[in-house]
Each structure stands twice: as structure tokens, then as C-alpha cells.
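Notes follow once the structure below has been shown.
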Amino acid sequence: MPLLRVQGLSFSYRDRRVLTDVSFSLERGEVLGVVGPNGSGKTTLLRCLDRILDPEGDVRLDGRDLSAMSRTEIARTIAYVPQSGGALNPVTVFETVLMGRRPYLRWSVSEEDKRKVSEALSLLGIGGFASRRADRLSGGERQRVLIARALAQDARLLLLDEPTSALDLRNQIEVMALLRRLADERRLAVVAAIHDLNLAARYCHRIVMLKEGRVLGEGAPSSLLTGEMMRAVYGVEAAVKDEMGVPYVVPLRPSDDGVEVV
Amino acid sequence: MTHKLLLLVCCIFLLAGTAAAETVPCDSDGDGTLTASELATAILDSLDARFMGGTVEVPSSDDLRDAAFVYEHWDGRALTITDSSGRETTLSRPLRKIAVFNSDTIEMMRSIGVESDRVVGVSKYTLEDPTYFPEYRGKANLGSTWAPDYEQAAAVRPDAVFLYATISQSSCDEIEETLSSIDPGIRFFRFDSYRPTAYADEVRTMGALLGKEEGAERFLAFHGSVMDTVAGRIASIPADERVSVYLENWDDYKSAGNGSGYDEKIGLAGGRNIFADTAVEYPAVDPEAVISRNPDVIVKIVGAGELVFGGYGDDDPAPFEEVTRAIEDRPVWDRIDAVRDGRVHVIHSDVIGGPEYFIGVAYMAKWFYPDLFPDLDPRAVHQQYLSEFQRLDYDLEEHGAFVYPV
Amino acid sequence: MMTDFGRQEYARLTEKRALFIAALILILAALVGVAVTLGSANLPVADSYLAILAGLFPEAVDLPDRMVESNAVGIVWGWRLHRVLFAIVAGFGLAIAGTVMQGVLRNPLASPFTLGIASAASCGASVAIILGAGFLSGYLVIGNAFLFAMLAAGAIYGMARLKGMGSETMILAGIALMYLFSAVTSFLQYLGTSEKVQEVVFWMFGSLDKSSWPKLGLVTVVVVAVVPLLLWRAWDLNALAEGDETAKSLGVPVERSMAGFMLAASLVTAVIICFTGTIGFIGLVAPHITRMVIGADHRTLIPASGLVGAVILLGADCLARTVIPGAIIPVGIMTAFLGIPFFVYLFMRRRDA
């Protein structure tokens, strides 16, 4: 049974349709990349998966209907890493990651909670600045803290919204490699909304292409990343190369056959 | 918790022997009436113990003094008086140490002859007016009704506190509540001392309370000579022949409406307030409304706001005249009868508000109906009030600025 | 060790927080010791303490004559003591209300008054003072101030629950309410006589003069009832600070939590300011100071802020009673004077950072 199964998911903000009939599934240990132009509904999709927003349709986690689960149960199963644009809270890194334990916390912090935090910090390679103020970190460090928090949640499914947008080249690669490793080594399922097609192609097992709230394609990067898809989804003429078995997209120019670019 | 503490405090006092007794002092048979013979016995016993070495249990000199007072002023019996808030209090001893929050009440007390040594604390407004209240300069500062200084009020150990009756009621209630919890033996009395309708009653009540019945009657005769004279002579004027009046206080175009004190006083002087139909107490009026209602007389009050001049501390009449000119110069106001006939008068708030209001009424009556009151000399009335009743060495010829034209 | 990262530092942080709270309690106790000796009755210091003992154990204490004459026991138990305790409870309550507001609205400039509660209470007080109209006869000002404040809080709570409001929307709604109530208050002042207007102004200054044992009891009951609830849900406040989405993803029912916290903070604020008038700056300044020292974990931030607020208010009151001999400055003015240098300091610090 797939860990996550989404069928016919739709969502509207007031009268505006954002997502229409989205369906896909995800296995443990898989990294799924959600790609598409701005406004295609990537962020909304992630929020619907975590029940931050309430969509129509069927979302099942390990066979269980998400809408039947309590908030705390969902929090113990799914972890959400938001876009790290804004500044973090002026608390220590340790405490920020500790917040990830909220679904498990009693009033005082248990030994196990502290242990999980330490583990998460070490996994992300940020054990050294546990006492630093979270609002005084660089972009890469910030992103790692947020991922560490999600890990501390002991969740089986990780949702990440544009985890690489604000990062420099090196950090981008490091973060994506880390996600892939987490999926492979700990059998976590990861859904990441990604801006950069090539990163998605390199590190995701499968990708889902969204346009205007609809799924235009779903599958392995090598099969989805084609010239026609680029035209259809992005309105761009592109050359797709092959780099060590992984597709590599080189955008050339905007298409001029009337395809709307959002 | 509060009651237990109050009880504890009361017990402490009883233990220390300073209980506030509820019986008439020296009333040996305890029947509630102090007779001449009981008083005489007490005096003789006391003399005996003092000079003859007698060992009979004697009343203290305080007791004797209080007993003499009760005998002389209250017919040997406990006195029940009703203050201006309708509260009844029964006293079996006179009040010796009074804390007075209301400056107007101090003035009224002085009118009936109460000496300053019976007052132990006054409001800060009384202390800020040494020209008018010189003998109260050293008294404890009680603050004001809105911001009272409870510790000073408690430190002077008053047996009574005088507060306002109809204004700042919630503040007065709080003062009562807090002072009662500090010292449950304090009595509270509410007197306004400035309202015309309650004036005579308050003077009499104070006279009885403080043993100044004669002073009260003498003052009321004086007060009545003015007010009754005015009332009597204007009674014959029919309503439609009454002089119409526009009254303005120290703020431009702020007049007095229905139910306000100034409106009442205009009526007492026989005038008709052109804005008496306004429901708001102190409305801001439209200058054009004044023009269209065309009053016969204009009365302008100074002494507060931006027009702080005149009164007892200021001898200069010039600002009064400037105010008059300013009113006459208002655009189109030369059409108003009052301006055309030169009947614009300025008066200081000290003589139209507070316990001196009747002087203001006298001035107004004379302005409204000069032919009816040829013999009425408001300045003389004022001088008599100051010299005879307020016991102030203040010559109105030399000092003070209260009205214009003089 | 992989499982040890940061744990020592965290333990030290926890210790530091406990020490801070203990230090505050000691400072507060010392301040109380000073405060009960202050007052224009000029009682000797020993008399003040003796009076306290005499009130607690009347049979055991033999009062010297000078204390009977000065009525030291009456002054201390009837006036000073409950006022000092009231300053502590009021400062504590306003500070924790401010802490909660800053956490809910995610805005370090928020205070208990951000959502229009102070303006509403002032409006209620004005209605009582100027129009003489009110709900609780005999307690017009107090009843009105409380009711109007809770009306404002209820309006925002209702809007938040029905429509679902984020923190920015709540602040906007609060500003709108503030302007509405201020306008009504101004209109009433326009209608009133100068004495009544002055009374309203005095009320808005904020003062502890109206304290009494029953009022102290009432406020203490409310604060003592609310604080454990807030502490119980402190983790939710911590989560809210990370952002609405993060909080939701961590399992916090965000709208319900925000509305509930806001209501609790408003209740504490309303019950205090209906007796004291609008005392400002405590709810703004105390959480800031505390956060600077011990960080933003609300489990300790809330009680520590409360203690800081108590120290500030009691300290301000001591100053207000002594700085001008013979006059008592309303404590709300003193807290404003104390708040201004604090803001300048904050501002200066920011420039350096």
C-alpha cells in the first residue's frame, strides 16, 4: 500500500479554483518533486496534504482517511517545512527544533524529547550551534534548522515548500542530497515543491507537474522532462539534455504559439 | 476577610482605650438626656478629683467639654441630622476635628462663624488660595476629591469628613469607603455649599451640627435680605416681559442650558435664558443663534479657561473691559439689543458660582432691572459678606476685580 | 555524542530561567518591605512593620502609644497594604496579558491595549461619569469600564471565530475599535461639564488609589484562575510564534487558540483596568525585558514577565508617592515616564545591532 494516496483533490480560495482533481501516490522512501510555474498551486497542494487547508477529495495516509485523523495524529505523521523566507523566532536553535516535539510534549520536556532534538541536529550537521539564536542564521543554516524540526517530529511523511529557493548553489545541493538520503536511509516519504527543474530531476524519484492547479504529468523525471512538456507547462522552448543518466533542461526562449505564461 | 480585619482594628482601639463612645457624655443615668444636674455633678466631681484629692471615677476634661456642648447646643440630647445626600447621622458628641474636602463648605462654615481650629485638613484648592483662606494655611493637605491623599487624611485623625453631595459622587463614595476601612470611627457628611436650592437648609444644618445656630440665622438673614428682596420684586413681572439674557462662560460661545447652575441663577435674578430650551447642560451655541434670539442683556463669565484673571488675587479691571469690547466687536453682533444698548456685563466666576452666588444674583438683578433695584448695592453686599461673615480684611475699593462695568 | 548536542546548554538555559524567577521573587519581597513604609503619614519604619504584625496577631502585640495616636495599624491595613498587594497583582496581570498578546499577535509592539480594550474601558468610564448611566448601580464606573472592555474583546473574539482572523486582521479590527470608542469618549467629553471631564481625564491616567481589600480579592481570583490555564497551553503559544502554518502543522488549533488566548488576556486586563484606569506600558515593557533576559519559551516567559511587571508597577508606585512630597502622581503617568527611556534604549540598541 502506498504511504500517501491522493485522489481527486480540489481546493478553492473563496471563488477561485486553485487545485482541480489532483491525484497521485507516494511510497515510503520516495522523494516526489512537485514542479510547475508560479501560481500553479504547489504551496496550496502541500498545505492541503497537511490539513492546514481543507480540500475536497480523498487523501489517505497508510490507508487512513486524513480528514478522520485528529490534528495531533496528523502532526505525528506528517511534518511540514514552510518556505524559509521570513526571519525565525528569536529563540535558540535547540528550542526551535524542540517545537517539532509539540505533538508529543507534556508540559515539561522529557529525556526522549531532548534526545530526538539532539539527533535531528546532528543529522543535519548543525549540532554545533544549538545555542545560537535562530534569527541570526544564514539561509542555509535556517533551512537546516527547519528540516531538523520536521525530523524531530518523528513523522513518516515530510512536506517541504521550496526548500532550496533561498539557498546558494552549494547549500541547494547539500539540502537535496540530504533529503534523498533521509528517504533512502530512513524510509521517509518526501514531497517537495521545487522551483528548479534540474534539482528535481536529479534528486527526486518521481515528479508531478502542475499547471493552473491541474496535474499535467506524473512519473519519472526522464519521462516527463521533454520538450513538449516544457512547452505545455511553462510555455518555454527548451532543449533537454542527458547528463549522466539524469535529464537536464536548458531553457531557450519563450514559446510563441499563444500558450499562456502565468 | 475585610470584616475580620475591621473587627480586629476595632478591638485594638478598644484595648487601647480610645473607643468612640456612642452615648452622650456624662449621662450617668444613661437615659439619653443630659440634664443640668448630671452636668453639674460631673463638673463638681472633676473639680473634686483635681483639687480636693477625691477618688471618685471622674469624666475626662474632653468628656466635660463635650457634655457642656451637648447641653448648651443640643438640649442635652444626641443630635440626628440629615445631610444633603439624605443620610441621617446621630451624634452624641460634637465634632472637634473635621477634614473638609470641599472649599465651598469651608467658606460656608466660616460664614456661620466656625473657627479654623476645628478644621484639621483642607483640600489642596483651599491651600492654593491663601488670599481668601489665610487662616487655613498650615492645615493638612487632603489632596482633591479625585486624587485624595488618604494618608494625610488619616494622619490628622479626624472625627468627621465633609464631602460633596451631588458632584463626584463615585469619588466621594470611594473616599468614604477607604477612610472607613482605615478608621471606622470617622463620620461622613455630604454638603454641596453652592447650590441655591439647598443653600438655606445646608446653612441651618451646619449651624445645628457645629453649634453655631445663631451664626447660621444671622447669616441667613443677610443672605435672605438679598435673595428675598430680589425674588419679591421680580415676582410681579410677567413672564413675557422678563429680560432675555445670553450667558457665556469663559469659553467663547459656551452657554448654559436647561438644568445648569447658571441657568438657575439667571432665573433667580428674574432673567430669561435664551438657551433655556437646550437639553445639553453646557452647549456650544451658534453665534447666529444668539443674533437671531436677540437678548436684552449679555452676561460673560471670566475667571477660568483662557480668561484667568480677576477675582480676589487680581486688582486689574482692564482685562474685563477688553473682554467686553471683544464681544461688542463680534461680527454682526452690533445688531443685538444688548450690544446696542450697552448692556454687556462681565462677572467673575467667584461671585456667581460657589457660596457667593447670591452676590452674583444681586448684580444680575440690578443689571436686568436697574429701575426695580435702585437701593440694591451688590458691591456693598459683597463687602459686608467679606468683612462681617468671612472675617477677611479685604477692601473691595482697593482690591479685587469682579464685575464690569463697575 | 549524537544525542547530546545542545542538551547541556539547554539545561543551563533552564537553570538560568529558574534563577531569574527566584531573583525576581526576592526583589519583589524587598520592594514590598520598602513600599509599606512609604506614605505621607510619615510613619516610622518600625511602626509600619509592627502594624502589620499587629493586624495579623492582635492579641500578641502590645502597641506603643504613639502608634495608637497615629493610627498606624489603620493606615497600614486600611490603606497601604492592600494597595501594595494590588500593585503586585495588577502589574503581574497586565504583564502576562501583554506577553500573551505579543505571542498571539506575533508582534513585539503589542500590548493588552492593542485590540482597543483601553479605549473601550475609557469610553465606559466616560459614560458612567458624564452621563451617570451604567449597568451596576453603585459601581457605575467600574461596571461600565469592565463591560465595555469585554464588549470590545468579545467583538474581536466573535469576529475571529466566525470569520477566522489572522494576526494582522485582528490588529486592524482592534485599531478600528479603538478609534470608534475614542470618538465616543471625545463626544462625551464635549458634552460634559469641566469637572466631569476632569474626572474622566483623572480616571484615564491610571492610579492605584481606588484599591481595597474586596477589589484586591476579586482581581487576585481572576488572575490566579487564568494563569494556570495560560501555562497549561504555553506550548501552543510557543508554536504560534513560529507562524500560523507551522503551528497548524504541529497540531495547534490555530484560530481557536488565538481567540482563546486573546479572550483570557482581555479578561485579565479588563478586570484590572476597570479598577485602576488605563495603566500603560507595563504590558508592553515587561515582556520585552523578560524576553531579552530569558528568551521566549512561554512556560517561563509568562510567570517571569508577570513578576517583572509586578516589580515595575510597585516600583513606579513607590516613586509616584514619594517623588513630589505632598502629592501623589497617578501611577499611570509614572509608568509612561519609565517607558519612554526604555523605548529610547531599545531604539539605540537596534541601531548598533
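Going by the C-alpha cells order, chains are called A, B, ..., each with residues numbered from 1, while ligands are numbered from 1 in the order shown.
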Check: which chain C residues lie within 9 Å of chain B using only C-alpha atoms, as an mmCIF file with C-alpha atoms, in the first residue's frame:
```
data_model
loop_
_atom_site.group_PDB
_atom_site.id
_atom_site.type_symbol
_atom_site.label_atom_id
_atom_site.label_comp_id
_atom_site.auth_asym_id
_atom_site.auth_seq_id
_atom_site.Cartn_x
_atom_site.Cartn_y
_atom_site.Cartn_z
ATOM 1 C CA GLY C 39 3.450 57.314 52.650
ATOM 2 C CA SER C 40 2.660 60.908 53.505
ATOM 3 C CA ALA C 41 1.676 59.982 57.039
ATOM 4 C CA ASN C 42 5.403 59.620 57.677
ATOM 5 C CA ALA C 54 -0.438 43.736 64.999
ATOM 6 C CA GLY C 55 -3.025 43.240 62.324
ATOM 7 C CA LEU C 56 -2.175 39.558 61.951
ATOM 8 C CA PRO C 58 -3.676 41.374 67.536
ATOM 9 C CA GLU C 59 -3.516 39.711 70.921
ATOM 10 C CA LEU C 63 1.083 48.698 70.680
ATOM 11 C CA ASP C 65 1.069 54.852 72.500
ATOM 12 C CA VAL C 68 -2.324 54.281 68.729
ATOM 13 C CA GLU C 69 -2.268 58.032 68.283
ATOM 14 C CA SER C 70 -1.089 57.871 64.711
ATOM 15 C CA ASN C 71 -3.469 55.009 63.904
ATOM 16 C CA ALA C 72 -0.582 53.215 62.253
ATOM 17 C CA VAL C 73 -2.484 49.930 62.171
ATOM 18 C CA GLY C 74 -5.452 51.550 60.456
ATOM 19 C CA ILE C 75 -3.265 53.285 57.926
ATOM 20 C CA VAL C 76 -1.221 50.196 57.099
ATOM 21 C CA TRP C 77 -4.099 47.704 56.987
ATOM 22 C CA GLY C 78 -6.760 50.065 55.699
ATOM 23 C CA TRP C 79 -4.703 51.744 53.024
ATOM 24 C CA ARG C 80 -1.078 50.823 52.421
ATOM 25 C CA ILE C 129 -19.001 59.730 34.832
ATOM 26 C CA GLY C 138 -23.359 51.927 42.964
ATOM 27 C CA TYR C 139 -20.418 50.800 40.843
ATOM 28 C CA LEU C 140 -21.155 52.680 37.657
ATOM 29 C CA VAL C 141 -17.621 53.427 36.580
ATOM 30 C CA TYR C 190 -17.587 67.659 24.661
ATOM 31 C CA LEU C 191 -20.987 67.326 26.269
ATOM 32 C CA GLY C 192 -19.789 67.286 29.852
ATOM 33 C CA THR C 193 -19.051 69.944 32.434
ATOM 34 C CA GLU C 195 -15.486 68.909 36.500
ATOM 35 C CA LYS C 196 -16.769 65.741 34.914
ATOM 36 C CA GLN C 198 -11.525 66.362 34.593
ATOM 37 C CA GLU C 199 -12.777 63.322 36.421
ATOM 38 C CA PHE C 202 -8.073 61.541 36.004
ATOM 39 C CA TRP C 203 -9.543 58.106 35.509
ATOM 40 C CA ASP C 209 -5.772 54.919 44.711
ATOM 41 C CA LYS C 210 -9.024 53.057 44.404
ATOM 42 C CA SER C 211 -7.725 49.777 45.697
ATOM 43 C CA SER C 212 -9.473 47.998 48.529
ATOM 44 C CA TRP C 213 -9.399 44.510 50.043
ATOM 45 C CA PRO C 214 -12.502 43.242 48.212
ATOM 46 C CA GLY C 326 2.815 66.072 49.387
ATOM 47 C CA ALA C 327 1.429 64.974 46.045
ATOM 48 C CA ILE C 328 0.660 61.577 44.615
ATOM 49 C CA ILE C 329 1.295 61.348 40.900
ATOM 50 C CA PRO C 330 -1.089 58.904 39.250
#
```
**Request:** Quick one: everything within 10 Å of range 133-150 of chain A, counting only C-alpha atoms, minus sequence neighbours fewer than 4 positions away in the same chain. Send it as an MDAnalysis selection string.
**Result:** (chainID A and resid 75 78:101 116:126 129 154:155 157:160 163:168 170:172 174:175 178:179) or (chainID C and resid 246 249:250 295)
Write the selection just made, keeping C-alpha atoms, as a PDB file, in the first residue's frame?
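Saved result, again_16.pdb, follows:
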```pdb
ATOM      1  CA  ALA A  75       1.216  16.170  13.367  1.00  0.00           C
ATOM      2  CA  ILE A  78       3.258  14.488   8.648  1.00  0.00           C
ATOM      3  CA  ALA A  79       5.848  17.231   9.080  1.00  0.00           C
ATOM      4  CA  TYR A  80       5.716  20.486   7.156  1.00  0.00           C
ATOM      5  CA  VAL A  81       8.640  22.706   6.347  1.00  0.00           C
ATOM      6  CA  PRO A  82       7.436  26.122   5.157  1.00  0.00           C
ATOM      7  CA  GLN A  83       9.244  28.470   2.852  1.00  0.00           C
ATOM      8  CA  SER A  84      12.044  29.940   4.860  1.00  0.00           C
ATOM      9  CA  GLY A  85      11.701  33.497   3.594  1.00  0.00           C
ATOM     10  CA  GLY A  86      10.815  35.159   6.846  1.00  0.00           C
ATOM     11  CA  ALA A  87      13.018  35.556   9.866  1.00  0.00           C
ATOM     12  CA  LEU A  88      12.810  32.972  12.548  1.00  0.00           C
ATOM     13  CA  ASN A  89      11.782  33.471  16.103  1.00  0.00           C
ATOM     14  CA  PRO A  90      14.416  34.913  18.421  1.00  0.00           C
ATOM     15  CA  VAL A  91      14.836  31.696  20.340  1.00  0.00           C
ATOM     16  CA  THR A  92      17.714  29.265  20.389  1.00  0.00           C
ATOM     17  CA  VAL A  93      18.103  26.713  17.621  1.00  0.00           C
ATOM     18  CA  PHE A  94      17.590  23.952  20.151  1.00  0.00           C
ATOM     19  CA  GLU A  95      14.242  25.377  21.158  1.00  0.00           C
ATOM     20  CA  THR A  96      13.159  25.881  17.577  1.00  0.00           C
ATOM     21  CA  VAL A  97      13.825  22.251  16.808  1.00  0.00           C
ATOM     22  CA  LEU A  98      12.222  21.294  20.119  1.00  0.00           C
ATOM     23  CA  MET A  99       8.980  22.775  18.839  1.00  0.00           C
ATOM     24  CA  GLY A 100       8.847  19.873  16.468  1.00  0.00           C
ATOM     25  CA  ARG A 101       8.121  17.679  19.503  1.00  0.00           C
ATOM     26  CA  LYS A 116      15.310  13.419  19.443  1.00  0.00           C
ATOM     27  CA  VAL A 117      16.255  17.060  19.142  1.00  0.00           C
ATOM     28  CA  SER A 118      19.933  16.273  19.535  1.00  0.00           C
ATOM     29  CA  GLU A 119      19.641  13.553  16.947  1.00  0.00           C
ATOM     30  CA  ALA A 120      17.939  15.821  14.470  1.00  0.00           C
ATOM     31  CA  LEU A 121      20.562  18.495  14.991  1.00  0.00           C
ATOM     32  CA  SER A 122      23.373  16.082  14.439  1.00  0.00           C
ATOM     33  CA  LEU A 123      21.755  14.580  11.351  1.00  0.00           C
ATOM     34  CA  LEU A 124      21.518  17.982   9.784  1.00  0.00           C
ATOM     35  CA  GLY A 125      25.087  18.787  10.751  1.00  0.00           C
ATOM     36  CA  ILE A 126      24.110  21.753  12.888  1.00  0.00           C
ATOM     37  CA  PHE A 129      25.036  25.853  17.044  1.00  0.00           C
ATOM     38  CA  ASP A 154       9.224  11.696  14.029  1.00  0.00           C
ATOM     39  CA  ALA A 155       6.997  11.925  11.001  1.00  0.00           C
ATOM     40  CA  LEU A 157       5.957  11.998   5.553  1.00  0.00           C
ATOM     41  CA  LEU A 158       7.900  15.211   5.024  1.00  0.00           C
ATOM     42  CA  LEU A 159       6.381  18.103   3.090  1.00  0.00           C
ATOM     43  CA  LEU A 160       8.755  20.858   2.016  1.00  0.00           C
ATOM     44  CA  PRO A 163      13.361  24.224   0.363  1.00  0.00           C
ATOM     45  CA  THR A 164      16.039  25.466  -1.996  1.00  0.00           C
ATOM     46  CA  SER A 165      14.743  28.782  -3.317  1.00  0.00           C
ATOM     47  CA  ALA A 166      16.647  30.968  -0.909  1.00  0.00           C
ATOM     48  CA  LEU A 167      19.869  28.992  -0.923  1.00  0.00           C
ATOM     49  CA  ASP A 168      23.180  29.334  -2.681  1.00  0.00           C
ATOM     50  CA  ARG A 170      26.253  24.560  -2.560  1.00  0.00           C
ATOM     51  CA  ASN A 171      23.501  24.593   0.011  1.00  0.00           C
ATOM     52  CA  GLN A 172      20.958  23.702  -2.610  1.00  0.00           C
ATOM     53  CA  GLU A 174      23.512  19.680   0.130  1.00  0.00           C
ATOM     54  CA  VAL A 175      19.889  20.031   1.173  1.00  0.00           C
ATOM     55  CA  LEU A 178      20.163  15.200   2.464  1.00  0.00           C
ATOM     56  CA  LEU A 179      16.501  14.761   1.630  1.00  0.00           C
TER      57      LEU A 179
ATOM     58  CA  THR C 246       3.881  25.760  11.222  1.00  0.00           C
ATOM     59  CA  SER C 249       1.241  21.527  11.142  1.00  0.00           C
ATOM     60  CA  LEU C 250       2.386  20.903  14.678  1.00  0.00           C
ATOM     61  CA  GLY C 295      14.212  34.072  25.860  1.00  0.00           C
TER      62      GLY C 295
END
```
**Request:** Please provide as a ChimeraX atom specification all residues within 9 Å of Ala200 in chain A, with the sequence filter that same-chain residues fewer than 5 positions apart are discarded (counting only C-alpha atoms).
**Result:** /A:32-35,176,192-195,205-207,221
Residues of chain C within 10 Å of chain A: nearest atom pair and distance (Å, one decimal) for each, counting only C-alpha atoms, sorted by chain and number, as CSV?
```
residue,atom,partner,partner_atom,distance
C:Met1,CA,A:Ser118,CA,9.0
C:Met2,CA,A:Glu119,CA,5.7
C:Thr3,CA,A:Ser118,CA,4.8
C:Asp4,CA,A:Ser118,CA,5.7
C:Phe5,CA,A:Ser118,CA,4.8
C:Gly6,CA,A:Ala130,CA,4.9
C:Arg7,CA,A:Lys114,CA,6.9
C:Gln8,CA,A:Ser131,CA,9.7
C:Glu9,CA,A:Ser131,CA,6.5
C:Tyr10,CA,A:Phe94,CA,7.3
C:Leu13,CA,A:Ser131,CA,9.1
C:Arg106,CA,A:Asn89,CA,9.6
C:Leu231,CA,A:Trp107,CA,8.6
C:Trp232,CA,A:Trp107,CA,7.0
C:Arg233,CA,A:Trp107,CA,8.5
C:Ala234,CA,A:Trp107,CA,8.3
C:Trp235,CA,A:Arg102,CA,7.2
C:Asp236,CA,A:Arg102,CA,8.3
C:Asn238,CA,A:Met99,CA,7.6
C:Ala239,CA,A:Met99,CA,6.5
C:Ala241,CA,A:Asn89,CA,6.7
C:Glu242,CA,A:Asn89,CA,6.3
C:Gly243,CA,A:Asn89,CA,9.1
C:Asp244,CA,A:Ile52,CA,9.1
C:Glu245,CA,A:Ile52,CA,6.5
C:Thr246,CA,A:Tyr80,CA,6.9
C:Ala247,CA,A:Met99,CA,9.2
C:Lys248,CA,A:Ile52,CA,6.0
C:Ser249,CA,A:Ala75,CA,5.8
C:Leu250,CA,A:Ala75,CA,5.0
C:Gly251,CA,A:Arg71,CA,4.7
C:Val252,CA,A:Arg71,CA,7.2
C:Pro253,CA,A:Arg71,CA,7.6
C:Val254,CA,A:Ile52,CA,9.8
C:Arg291,CA,A:Pro90,CA,9.1
C:Met292,CA,A:Pro90,CA,9.5
C:Ile294,CA,A:Val91,CA,9.5
C:Gly295,CA,A:Val91,CA,6.0
C:Ala296,CA,A:Val91,CA,6.1
C:Asp297,CA,A:Val91,CA,7.8
C:Arg299,CA,A:Trp107,CA,8.4
```
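Counting from CA of Ala220 in chain A, the distance to CA of Val208 in chain A is 8.8 Å.
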**Message:** What does the structure give for the distance between CA of Gly138 in chain B and CA of Lys97 in chain B, in Å to one decimal?
**Reply:** 14.5 Å
Report as a PDB file with C-alpha atoms, in the first residue's frame all protein, DNA and RNA residues lying within 9 Å of Ile81 in chain B, evaluated on only C-alpha atoms, omitting residues in the same chain fewer than 6 positions from it.
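Output saved as out03.pdb:
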```
ATOM      1  CA  ARG B  87     -28.159  60.423  55.023  1.00  0.00           C
ATOM      2  CA  GLU B  88     -29.071  60.572  58.704  1.00  0.00           C
ATOM      3  CA  THR B  89     -26.376  60.570  61.311  1.00  0.00           C
ATOM      4  CA  THR B  90     -26.754  60.608  65.061  1.00  0.00           C
ATOM      5  CA  LEU B  91     -24.053  62.247  67.111  1.00  0.00           C
ATOM      6  CA  THR B 205     -27.922  72.004  59.241  1.00  0.00           C
ATOM      7  CA  ALA B 208     -27.002  72.803  64.309  1.00  0.00           C
ATOM      8  CA  LEU B 209     -24.203  70.323  63.697  1.00  0.00           C
TER       9      LEU B 209
END
```
**Message:** List the spatial neighbours of range 351-359 of chain B as number ranges by chain - criterion: any atom at most 8 Å away, only C-alpha atoms, same-chain residues fewer than 6 positions off excluded.
**Reply:** B: 104, 107-108, 193-196, 223, 226-227, 265, 378, 381-382, 402
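DSSP on the backbone gives strand (DSSP E or B) for these parts of range 14-115 of chain B: Thr33, Arg77, Leu79, Thr80, Ile81, Thr82, Glu88, Thr89, Thr90, Leu91, Ile98, Ala99 and Val100 of chain B.
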Create the file for the chosen residues now, containing C-alpha atoms and written as a short mmCIF file (atom, residue, chain, number, x, y, z; two decimals), in the first residue's frame.
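Produced file again_2.cif, reproduced below:
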```cif
data_model
loop_
_atom_site.label_atom_id
_atom_site.label_comp_id
_atom_site.auth_asym_id
_atom_site.auth_seq_id
_atom_site.Cartn_x
_atom_site.Cartn_y
_atom_site.Cartn_z
CA THR B 33 -30.65 63.05 78.04
CA ARG B 77 -29.64 65.01 73.74
CA LEU B 79 -28.46 65.06 67.62
CA THR B 80 -29.73 63.43 64.45
CA ILE B 81 -29.04 65.40 61.35
CA THR B 82 -29.73 64.78 57.70
CA GLU B 88 -29.07 60.57 58.70
CA THR B 89 -26.38 60.57 61.31
CA THR B 90 -26.75 60.61 65.06
CA LEU B 91 -24.05 62.25 67.11
CA ILE B 98 -13.04 67.98 60.76
CA ALA B 99 -11.40 67.22 57.43
CA VAL B 100 -13.08 69.22 54.68
#
```
